[in-house]
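Pasted below: protein-v9.cif, mmCIF, C-alpha atoms.
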```
data_run
loop_
_atom_site.group_PDB
_atom_site.id
_atom_site.type_symbol
_atom_site.label_atom_id
_atom_site.label_comp_id
_atom_site.auth_asym_id
_atom_site.auth_seq_id
_atom_site.Cartn_x
_atom_site.Cartn_y
_atom_site.Cartn_z
ATOM 1 C CA MET A 212 0.000 0.000 0.000
ATOM 2 C CA SER A 213 2.787 2.389 0.922
ATOM 3 C CA LYS A 214 4.277 3.764 -2.293
ATOM 4 C CA ALA A 215 8.068 3.518 -2.272
ATOM 5 C CA LEU A 216 10.134 6.566 -1.405
ATOM 6 C CA HIS A 217 12.705 7.710 -3.966
ATOM 7 C CA ILE A 218 15.615 10.094 -3.529
ATOM 8 C CA ASP A 219 17.589 10.936 -6.655
ATOM 9 C CA GLY A 220 16.143 7.869 -8.350
ATOM 10 C CA THR A 221 17.225 5.533 -5.561
ATOM 11 C CA ILE A 222 14.367 3.517 -4.072
ATOM 12 C CA LEU A 223 14.481 3.421 -0.287
ATOM 13 C CA SER A 224 13.072 0.216 1.161
ATOM 14 C CA SER A 225 11.830 1.870 4.359
ATOM 15 C CA ARG A 226 10.790 5.289 5.594
ATOM 16 C CA LEU A 227 12.819 4.849 8.752
ATOM 17 C CA PHE A 228 16.189 6.597 8.555
ATOM 18 C CA LEU A 229 18.380 5.323 11.385
ATOM 19 C CA GLY A 230 21.404 6.873 13.041
ATOM 20 C CA THR A 231 24.335 4.770 14.163
ATOM 21 C CA ALA A 232 25.677 6.679 17.187
ATOM 22 C CA GLY A 233 25.534 5.883 20.868
ATOM 23 C CA TYR A 234 24.639 2.196 20.844
ATOM 24 C CA PRO A 235 25.814 0.060 23.755
ATOM 25 C CA SER A 236 28.002 -2.002 21.413
ATOM 26 C CA PRO A 237 28.717 -2.512 17.721
ATOM 27 C CA ASP A 238 26.860 -5.813 17.874
ATOM 28 C CA ILE A 239 23.706 -4.151 19.217
ATOM 29 C CA LEU A 240 23.936 -1.580 16.430
ATOM 30 C CA ARG A 241 24.182 -4.393 13.893
ATOM 31 C CA ARG A 242 21.178 -6.202 15.393
ATOM 32 C CA ALA A 243 19.126 -2.985 15.533
ATOM 33 C CA ILE A 244 19.713 -2.480 11.827
ATOM 34 C CA GLU A 245 18.734 -6.077 11.143
ATOM 35 C CA ALA A 246 15.562 -5.702 13.206
ATOM 36 C CA SER A 247 14.374 -2.506 11.549
ATOM 37 C CA ARG A 248 15.872 -2.614 8.032
ATOM 38 C CA PRO A 249 16.025 1.174 7.684
ATOM 39 C CA GLY A 250 15.862 2.869 4.295
ATOM 40 C CA LEU A 251 18.921 4.980 5.094
ATOM 41 C CA ILE A 252 21.735 4.751 7.605
ATOM 42 C CA THR A 253 23.394 7.933 8.819
ATOM 43 C CA VAL A 254 27.107 8.140 9.537
ATOM 44 C CA SER A 255 29.666 10.786 10.326
ATOM 45 C CA LEU A 256 33.365 11.576 10.084
ATOM 46 C CA ARG A 257 35.811 12.022 12.901
ATOM 47 C CA ARG A 258 39.548 12.373 13.251
ATOM 48 C CA GLU A 259 41.137 9.028 12.596
ATOM 49 C CA SER A 260 44.005 7.561 14.561
ATOM 50 C CA ALA A 261 46.587 5.289 13.023
ATOM 51 C CA ALA A 262 44.881 2.471 14.974
ATOM 52 C CA GLY A 263 42.071 2.579 12.431
ATOM 53 C CA LYS A 264 39.073 2.653 14.761
ATOM 54 C CA GLY A 265 36.797 4.048 12.051
ATOM 55 C CA GLN A 266 37.683 1.282 9.626
ATOM 56 C CA LYS A 267 36.144 -1.357 11.915
ATOM 57 C CA PHE A 268 32.904 0.587 12.238
ATOM 58 C CA TRP A 269 32.657 0.947 8.478
ATOM 59 C CA ASP A 270 33.174 -2.789 8.001
ATOM 60 C CA ILE A 271 29.976 -3.405 10.030
ATOM 61 C CA LEU A 272 27.843 -1.107 7.887
ATOM 62 C CA LYS A 273 29.159 -2.066 4.483
ATOM 63 C CA GLY A 274 27.600 -5.505 4.652
ATOM 64 C CA PHE A 275 24.014 -4.258 4.851
ATOM 65 C CA ASN A 276 23.777 -2.790 1.357
ATOM 66 C CA ILE A 277 21.603 0.053 2.712
ATOM 67 C CA PRO A 278 22.141 3.574 1.321
ATOM 68 C CA ILE A 279 24.473 5.679 3.460
ATOM 69 C CA LEU A 280 23.769 9.275 4.425
ATOM 70 C CA PRO A 281 26.846 11.013 5.843
ATOM 71 C CA ASN A 282 26.314 14.062 8.008
ATOM 72 C CA THR A 283 28.263 17.194 8.846
ATOM 73 C CA ALA A 284 27.474 16.953 12.557
ATOM 74 C CA GLY A 285 29.406 19.293 14.784
ATOM 75 C CA CYS A 286 30.089 21.903 12.103
ATOM 76 C CA HIS A 287 29.534 25.474 13.271
ATOM 77 C CA SER A 288 30.214 27.277 10.006
ATOM 78 C CA ALA A 289 29.414 26.898 6.335
ATOM 79 C CA ASP A 290 33.139 26.553 5.579
ATOM 80 C CA GLU A 291 33.495 23.599 7.967
ATOM 81 C CA ALA A 292 30.355 21.973 6.594
ATOM 82 C CA VAL A 293 31.452 22.316 2.972
ATOM 83 C CA THR A 294 34.872 20.779 3.643
ATOM 84 C CA THR A 295 33.341 17.997 5.725
ATOM 85 C CA ALA A 296 30.832 17.228 2.964
ATOM 86 C CA GLU A 297 33.618 16.974 0.414
ATOM 87 C CA MET A 298 35.571 14.605 2.650
ATOM 88 C CA ALA A 299 32.418 12.523 3.216
ATOM 89 C CA ARG A 300 31.766 12.265 -0.509
ATOM 90 C CA GLU A 301 35.212 10.843 -1.118
ATOM 91 C CA ILE A 302 35.005 8.301 1.700
ATOM 92 C CA PHE A 303 31.414 7.122 1.286
ATOM 93 C CA GLU A 304 31.222 7.553 -2.486
ATOM 94 C CA THR A 305 27.866 9.326 -2.371
ATOM 95 C CA ASN A 306 26.711 12.799 -3.343
ATOM 96 C CA TRP A 307 24.133 12.736 -0.561
ATOM 97 C CA ILE A 308 24.857 14.782 2.517
ATOM 98 C CA LYS A 309 22.833 15.473 5.640
ATOM 99 C CA LEU A 310 23.854 19.078 6.006
ATOM 100 C CA GLU A 311 24.130 20.312 9.580
ATOM 101 C CA VAL A 312 25.405 23.736 10.551
ATOM 102 C CA ILE A 313 24.827 24.275 14.245
ATOM 103 C CA GLY A 314 24.022 27.788 15.417
ATOM 104 C CA ASP A 315 23.428 27.315 19.135
ATOM 105 C CA ASP A 316 25.265 24.919 21.396
ATOM 106 C CA TYR A 317 22.542 24.746 24.051
ATOM 107 C CA THR A 318 19.716 23.640 21.765
ATOM 108 C CA LEU A 319 21.837 22.435 18.834
ATOM 109 C CA GLN A 320 19.506 24.559 16.730
ATOM 110 C CA PRO A 321 20.579 24.734 13.096
ATOM 111 C CA ASP A 322 22.009 28.035 11.846
ATOM 112 C CA PRO A 323 19.688 28.935 8.949
ATOM 113 C CA PHE A 324 22.131 31.416 7.406
ATOM 114 C CA GLY A 325 25.111 29.074 7.465
ATOM 115 C CA LEU A 326 22.904 26.244 6.232
ATOM 116 C CA LEU A 327 21.728 28.223 3.234
ATOM 117 C CA ASN A 328 25.237 29.408 2.426
ATOM 118 C CA ALA A 329 26.613 25.860 2.558
ATOM 119 C CA THR A 330 23.678 24.550 0.525
ATOM 120 C CA ASP A 331 24.342 27.035 -2.280
ATOM 121 C CA ARG A 332 28.005 26.074 -2.417
ATOM 122 C CA LEU A 333 27.463 22.320 -2.238
ATOM 123 C CA VAL A 334 24.672 22.240 -4.820
ATOM 124 C CA SER A 335 27.097 23.900 -7.239
ATOM 125 C CA LYS A 336 29.518 21.050 -6.543
ATOM 126 C CA GLY A 337 26.918 18.411 -7.428
ATOM 127 C CA PHE A 338 25.741 17.388 -3.968
ATOM 128 C CA THR A 339 22.231 16.282 -3.064
ATOM 129 C CA ILE A 340 21.432 18.166 0.106
ATOM 130 C CA LEU A 341 19.288 16.805 2.907
ATOM 131 C CA PRO A 342 19.276 19.846 5.195
ATOM 132 C CA TYR A 343 18.797 19.525 8.948
ATOM 133 C CA MET A 344 16.736 22.644 9.592
ATOM 134 C CA THR A 345 14.223 24.368 11.791
ATOM 135 C CA ASP A 346 10.549 24.323 10.808
ATOM 136 C CA ASP A 347 10.735 27.868 9.385
ATOM 137 C CA ILE A 348 8.711 28.112 6.179
ATOM 138 C CA VAL A 349 10.750 30.968 4.713
ATOM 139 C CA LEU A 350 13.978 29.056 5.233
ATOM 140 C CA ALA A 351 12.345 26.031 3.626
ATOM 141 C CA LYS A 352 11.421 28.096 0.578
ATOM 142 C CA LYS A 353 14.951 29.442 0.213
ATOM 143 C CA LEU A 354 16.417 25.944 0.519
ATOM 144 C CA VAL A 355 14.037 24.691 -2.166
ATOM 145 C CA ASP A 356 15.009 27.632 -4.368
ATOM 146 C CA ALA A 357 18.660 26.686 -3.804
ATOM 147 C CA GLY A 358 17.974 23.196 -5.132
ATOM 148 C CA CYS A 359 16.804 21.031 -2.214
ATOM 149 C CA ASP A 360 14.226 18.364 -3.032
ATOM 150 C CA VAL A 361 14.355 17.049 0.529
ATOM 151 C CA LEU A 362 13.710 19.102 3.672
ATOM 152 C CA MET A 363 14.413 17.768 7.160
ATOM 153 C CA PRO A 364 12.883 19.967 9.877
ATOM 154 C CA TRP A 365 13.547 19.120 13.487
ATOM 155 C CA GLY A 366 10.784 17.681 15.622
ATOM 156 C CA ALA A 367 12.586 18.870 18.751
ATOM 157 C CA PRO A 368 16.225 19.445 19.759
ATOM 158 C CA ILE A 369 18.591 16.578 18.960
ATOM 159 C CA GLY A 370 18.494 13.808 21.517
ATOM 160 C CA SER A 371 15.737 15.440 23.590
ATOM 161 C CA GLY A 372 13.106 12.787 22.949
ATOM 162 C CA ARG A 373 10.378 15.429 23.166
ATOM 163 C CA GLY A 374 8.649 14.423 19.970
ATOM 164 C CA LEU A 375 6.979 17.005 17.749
ATOM 165 C CA ASN A 376 7.337 20.343 19.531
ATOM 166 C CA ASN A 377 5.417 22.316 16.941
ATOM 167 C CA PRO A 378 2.922 20.158 15.032
ATOM 168 C CA PHE A 379 1.276 23.231 13.501
ATOM 169 C CA ALA A 380 4.528 24.324 11.854
ATOM 170 C CA LEU A 381 5.180 20.825 10.545
ATOM 171 C CA GLN A 382 1.650 20.529 9.161
ATOM 172 C CA THR A 383 2.062 23.922 7.510
ATOM 173 C CA MET A 384 5.305 22.801 5.914
ATOM 174 C CA ARG A 385 3.563 19.719 4.540
ATOM 175 C CA LYS A 386 0.826 21.888 3.042
ATOM 176 C CA ARG A 387 3.219 24.470 1.610
ATOM 177 C CA PHE A 388 5.583 21.922 0.041
ATOM 178 C CA PRO A 389 3.328 19.125 -1.209
ATOM 179 C CA ASP A 390 5.823 17.919 -3.814
ATOM 180 C CA LYS A 391 8.965 17.899 -1.685
ATOM 181 C CA ILE A 392 10.235 15.011 0.397
ATOM 182 C CA LEU A 393 9.773 15.967 4.039
ATOM 183 C CA VAL A 394 11.554 14.121 6.819
ATOM 184 C CA VAL A 395 11.222 14.820 10.528
ATOM 185 C CA ASP A 396 14.772 14.742 11.812
ATOM 186 C CA ALA A 397 15.678 14.836 15.495
ATOM 187 C CA GLY A 398 13.863 15.012 18.799
ATOM 188 C CA ILE A 399 11.850 11.823 18.407
ATOM 189 C CA GLY A 400 11.458 9.838 21.623
ATOM 190 C CA ALA A 401 8.690 7.273 21.185
ATOM 191 C CA PRO A 402 7.291 5.332 18.248
ATOM 192 C CA SER A 403 4.043 7.285 18.649
ATOM 193 C CA HIS A 404 5.956 10.495 17.826
ATOM 194 C CA ALA A 405 7.184 8.955 14.602
ATOM 195 C CA ALA A 406 3.718 7.651 13.752
ATOM 196 C CA ALA A 407 2.271 11.126 14.342
ATOM 197 C CA ALA A 408 4.746 12.637 11.873
ATOM 198 C CA MET A 409 3.864 10.029 9.278
ATOM 199 C CA GLU A 410 0.124 10.524 9.841
ATOM 200 C CA MET A 411 0.688 14.211 8.995
ATOM 201 C CA GLY A 412 2.003 13.130 5.635
ATOM 202 C CA PHE A 413 5.727 13.321 6.261
ATOM 203 C CA ASP A 414 7.652 11.028 3.977
ATOM 204 C CA ALA A 415 10.102 9.612 6.501
ATOM 205 C CA VAL A 416 11.495 9.976 10.014
ATOM 206 C CA LEU A 417 15.162 10.145 10.935
ATOM 207 C CA LEU A 418 16.056 9.148 14.480
ATOM 208 C CA ASN A 419 18.960 7.828 16.494
ATOM 209 C CA THR A 420 18.928 8.409 20.252
ATOM 210 C CA ALA A 421 15.424 7.000 20.785
ATOM 211 C CA VAL A 422 16.707 3.627 19.595
ATOM 212 C CA ALA A 423 20.335 3.731 20.715
ATOM 213 C CA LYS A 424 19.504 4.719 24.313
ATOM 214 C CA ALA A 425 16.375 2.564 24.694
ATOM 215 C CA GLY A 426 16.342 -0.180 27.299
ATOM 216 C CA ASP A 427 16.374 -2.691 24.451
ATOM 217 C CA PRO A 428 17.629 -0.942 21.310
ATOM 218 C CA VAL A 429 17.016 -3.927 19.048
ATOM 219 C CA ALA A 430 13.364 -4.271 20.053
ATOM 220 C CA MET A 431 12.875 -0.497 19.919
ATOM 221 C CA ALA A 432 14.275 -0.344 16.403
ATOM 222 C CA GLY A 433 11.646 -2.867 15.349
ATOM 223 C CA ALA A 434 8.941 -0.905 17.151
ATOM 224 C CA PHE A 435 9.871 2.279 15.278
ATOM 225 C CA ALA A 436 9.853 0.483 11.947
ATOM 226 C CA LYS A 437 6.297 -0.729 12.607
ATOM 227 C CA ALA A 438 5.107 2.666 13.849
ATOM 228 C CA ILE A 439 6.460 4.460 10.784
ATOM 229 C CA GLU A 440 4.880 1.969 8.407
ATOM 230 C CA SER A 441 1.604 2.150 10.332
ATOM 231 C CA GLY A 442 1.605 5.950 10.299
ATOM 232 C CA ARG A 443 2.223 5.987 6.557
ATOM 233 C CA GLU A 444 -0.626 3.584 5.852
ATOM 234 C CA ALA A 445 -2.932 5.623 8.066
ATOM 235 C CA TYR A 446 -2.062 8.798 6.156
ATOM 236 C CA LEU A 447 -2.730 7.146 2.814
ATOM 237 C CA SER A 448 -5.973 5.645 4.107
ATOM 238 C CA GLY A 449 -7.551 8.990 4.940
ATOM 239 C CA ILE A 450 -7.829 9.798 8.634
ATOM 240 C CA ILE A 451 -11.250 11.103 9.654
ATOM 241 C CA ALA A 452 -11.616 14.740 10.612
ATOM 242 C CA PRO A 453 -12.245 15.443 14.308
ATOM 243 C CA GLN A 454 -15.846 16.394 15.162
ATOM 244 C CA GLU A 455 -17.244 18.626 17.875
ATOM 245 C CA THR A 456 -20.066 16.240 18.826
ATOM 246 C CA ALA A 457 -20.653 12.542 19.370
ATOM 247 C CA ASN A 458 -21.843 10.502 16.415
ATOM 248 C CA ALA A 459 -23.080 7.008 17.238
ATOM 249 C CA SER A 460 -21.210 4.363 15.323
ATOM 250 C CA THR A 461 -23.914 1.709 15.855
ATOM 251 C CA PRO A 462 -27.087 2.267 13.783
ATOM 252 C CA LEU A 463 -30.056 2.990 16.068
ATOM 253 C CA VAL A 464 -32.882 2.233 13.649
ATOM 254 C CA ASP A 465 -34.694 -1.021 14.619
ATOM 255 C CA LYS A 466 -32.821 -1.450 17.848
ATOM 256 C CA PRO A 467 -35.003 -3.106 20.517
ATOM 257 C CA PHE A 468 -37.496 -0.742 22.137
ATOM 258 C CA TRP A 469 -36.742 1.765 19.365
ATOM 259 C CA HIS A 470 -39.363 4.362 18.721
ATOM 260 C CA GLN A 471 -39.166 7.585 16.853
ATOM 261 C CA ASN A 472 -39.781 10.638 18.970
ATOM 262 C CA GLY A 473 -41.585 13.653 17.570
ATOM 263 C CA MET B 61 59.146 21.522 9.640
ATOM 264 C CA ILE B 62 56.239 21.384 12.027
ATOM 265 C CA LEU B 63 52.842 20.095 10.873
ATOM 266 C CA ILE B 64 49.697 19.955 12.959
ATOM 267 C CA ILE B 65 48.113 16.552 12.371
ATOM 268 C CA ASN B 66 44.622 16.248 13.827
ATOM 269 C CA GLY B 67 45.476 18.928 16.344
ATOM 270 C CA GLN B 68 48.858 17.469 17.366
ATOM 271 C CA LYS B 69 52.184 19.136 16.487
ATOM 272 C CA LYS B 70 54.643 16.801 14.778
ATOM 273 C CA THR B 71 58.052 17.297 13.197
ATOM 274 C CA PHE B 72 58.828 16.163 9.647
ATOM 275 C CA VAL B 73 61.797 16.307 7.297
ATOM 276 C CA THR B 74 61.311 18.515 4.249
ATOM 277 C CA PRO B 75 60.442 18.375 1.423
ATOM 278 C CA LEU B 76 57.256 16.435 2.009
ATOM 279 C CA ASP B 77 54.026 15.962 0.109
ATOM 280 C CA LEU B 78 50.697 14.858 1.526
ATOM 281 C CA ARG B 79 51.054 11.298 0.303
ATOM 282 C CA GLY B 80 54.393 10.933 2.077
ATOM 283 C CA CYS B 81 52.986 12.468 5.240
ATOM 284 C CA LEU B 82 50.078 10.024 5.347
ATOM 285 C CA GLU B 83 52.370 7.064 4.756
ATOM 286 C CA GLN B 84 54.764 8.172 7.493
ATOM 287 C CA GLU B 85 51.861 8.544 9.902
ATOM 288 C CA GLY B 86 50.517 5.057 9.173
ATOM 289 C CA TYR B 87 47.455 5.989 7.125
ATOM 290 C CA GLY B 88 48.757 4.621 3.850
ATOM 291 C CA ASP B 89 46.166 1.890 3.249
ATOM 292 C CA MET B 90 43.331 3.263 5.355
ATOM 293 C CA LEU B 91 39.999 4.690 4.246
ATOM 294 C CA VAL B 92 40.487 8.323 5.150
ATOM 295 C CA ALA B 93 39.836 11.762 3.707
ATOM 296 C CA VAL B 94 42.016 14.799 4.230
ATOM 297 C CA ALA B 95 41.773 18.563 4.507
ATOM 298 C CA ARG B 96 44.784 20.876 4.452
ATOM 299 C CA ASN B 97 44.341 24.217 6.171
ATOM 300 C CA GLY B 98 40.579 23.777 6.065
ATOM 301 C CA THR B 99 40.375 22.889 2.381
ATOM 302 C CA PHE B 100 39.546 19.414 1.105
ATOM 303 C CA VAL B 101 42.307 17.636 -0.810
ATOM 304 C CA ALA B 102 41.154 14.862 -3.138
ATOM 305 C CA LYS B 103 43.009 11.577 -2.945
ATOM 306 C CA ASN B 104 44.398 11.900 -6.469
ATOM 307 C CA ASN B 105 46.038 15.187 -5.484
ATOM 308 C CA TYR B 106 47.980 13.893 -2.477
ATOM 309 C CA GLY B 107 51.220 13.504 -4.390
ATOM 310 C CA ALA B 108 51.000 16.985 -5.889
ATOM 311 C CA THR B 109 50.230 18.674 -2.578
ATOM 312 C CA LYS B 110 53.513 19.972 -1.141
ATOM 313 C CA LEU B 111 53.321 20.682 2.565
ATOM 314 C CA ASP B 112 54.626 23.810 4.272
ATOM 315 C CA ASP B 113 55.724 24.515 7.809
ATOM 316 C CA GLY B 114 52.700 25.142 10.030
ATOM 317 C CA ASP B 115 50.175 23.395 7.780
ATOM 318 C CA GLU B 116 47.178 21.990 9.602
ATOM 319 C CA ILE B 117 46.179 18.558 8.338
ATOM 320 C CA GLU B 118 42.849 16.974 9.261
ATOM 321 C CA ILE B 119 42.556 13.229 8.636
ATOM 322 C CA VAL B 120 39.092 11.735 9.080
ATOM 323 C CA ALA B 121 37.462 8.336 8.769
ATOM 324 C CA PRO B 122 33.955 6.841 9.031
ATOM 325 C CA MET B 123 32.399 7.163 12.449
ATOM 326 C CA GLN B 124 29.015 6.638 14.079
ATOM 327 C CA GLY B 125 26.579 9.474 13.451
ATOM 328 C CA GLY B 126 22.945 10.454 13.709
#
```
In structure tokens, how does this file's structure come out?
Amino acid sequence: MSKALHIDGTILSSRLFLGTAGYPSPDILRRAIEASRPGLITVSLRRESAAGKGQKFWDILKGFNIPILPNTAGCHSADEAVTTAEMAREIFETNWIKLEVIGDDYTLQPDPFGLLNATDRLVSKGFTILPYMTDDIVLAKKLVDAGCDVLMPWGAPIGSGRGLNNPFALQTMRKRFPDKILVVDAGIGAPSHAAAAMEMGFDAVLLNTAVAKAGDPVAMAGAFAKAIESGREAYLSGIIAPQETANASTPLVDKPFWHQNG
Amino acid sequence: MILIINGQKKTFVTPLDLRGCLEQEGYGDMLVAVARNGTFVAKNNYGATKLDDGDEIEIVAPMQGG
């Protein structure tokens, strides 16, 4: 029932995008991926030691044959983000980049100005930008004008687990950009948060901490996969509009003792 | 000359290009990407990139991320 999601002509097998950070062990990360079969896996870059720690991590992910989405996490300027994206492209052999330019250390709120600057520069270098952004409609429009076909507004601050802080803004974004791929990225805590985003018509949900820090990350990964699929099917099925009054679901005509008043 | 490799000062004999630097530091066969003084250097340009005293070299590899 759920029509497949495409990015740049690549079919994604799931609308769950899963981060790989903060798991109790590499084996639990591997099992969480197996349990949820995400459509995308996010990764990052960090300084490498001659011991080759990063090489072992990459060996785990390579075997899954799931598209990789590198990020520019931790970048505080457009210059840093552009250089990081170029390094990621060489290592992961993909033009896709989850573009993060952080503007505030307390909330990890994206810097809209740095994000737009970096987007302009990276689009000209042939990148496909998946921007981690606030839910600001004007920023969204400028990013689309710069060449973004995917927009990834935050649900809440990264790692907060608060869910969808501003459903009205997210619903407005869905209405204003009906033809763009919209992904709620960050702040998700429970599968119900992810389902709510999908019921709004979002195309996918990107999350990490809610799985990695769960009591049982493997089981939680599976729970999120089900919730996201369920939310998508509900959206496509046509959710009823809320009413102000009760409306009996059981027909009353010919019920025992029925009589018409008036 | 002094180079700053991932934030650490190290001494090298000149002349030196980026390829030689990476080999000396043990990154020769590893999956890494490199920036010199904040600018990305593609792998096929390592040999042509001559290093100067005080250059800051960032060497990165795949890591967990969200």
Exercise: Leu341 of chain A partners within 8 Å, only C-alpha atoms, chain neighbours under 5 positions left out, as an NGL selection string:
:A and (307-310 or 359-363)
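With all atoms listed in the file as the basis for measurement, B:Leu91 is the residue among B:Leu91, B:Leu111, B:Leu82, B:Met61 that approaches chain A most closely.
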Could you tell me which residues of chain B sit within 12 Å of chain A when counting all atoms listed in the file, and give me the result as a ChimeraX atom specification?
/B:65-68,82-104,117-126
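In this structure, atom CA of Ile64 of chain B sits 11.2 Å away from atom CA of Cys81 of chain B.
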Could you name the residues that touch Leu76 of chain B at 12 Å or less, counting all atoms listed in the file, but leaving out those on the same chain fewer than 3 positions away, as a PyMOL selection string?
chain B and resi 61-63+71-73+79-84+106-113+115
Contacts of segment 429-436 of chain A at 9 Å or less, counting only C-alpha atoms, minus same-chain residues fewer than 6 places along, as number ranges by chain?
A: 225-227, 229, 239-249, 401-403, 405-406, 421-423
note - atom CA of Ala215 of chain A and atom CA of Asp347 of chain A are separated by 27.1 Å
Coordinates-based distance that separates atom CA of Leu327 of chain A from atom CA of Ala380 of chain A (Å, one decimal):
19.6 Å
What box, with edges along x, y and z, holds each listed atom of segment 88-100 of chain B when 3 Å is added on every side, and can you state its centre and edge lengths in Å to one decimal, as lines of an AutoDock Vina configuration file?
```
center_x = 44.2
center_y = 13.1
center_z = 3.6
size_x = 15.2
size_y = 28.3
size_z = 11.1
```
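Using all atoms listed in the file, the protein and nucleic acid residues lying no more than 8 Å from Pro364 of chain A, apart from those fewer than 4 places from it along its own chain, are Pro342, Tyr343, Met344, Thr345, Asp346, Leu381, Leu393, Val394, Val395 and Asp396 of chain A.
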Hey, can you spit out that residue selection with C-alpha atoms as a short mmCIF file (atom, residue, chain, number, x, y, z; two decimals), keeping the file's coordinate frame?
```cif
data_model
loop_
_atom_site.label_atom_id
_atom_site.label_comp_id
_atom_site.auth_asym_id
_atom_site.auth_seq_id
_atom_site.Cartn_x
_atom_site.Cartn_y
_atom_site.Cartn_z
CA PRO A 342 19.28 19.85 5.20
CA TYR A 343 18.80 19.52 8.95
CA MET A 344 16.74 22.64 9.59
CA THR A 345 14.22 24.37 11.79
CA ASP A 346 10.55 24.32 10.81
CA LEU A 381 5.18 20.82 10.54
CA LEU A 393 9.77 15.97 4.04
CA VAL A 394 11.55 14.12 6.82
CA VAL A 395 11.22 14.82 10.53
CA ASP A 396 14.77 14.74 11.81
#
```
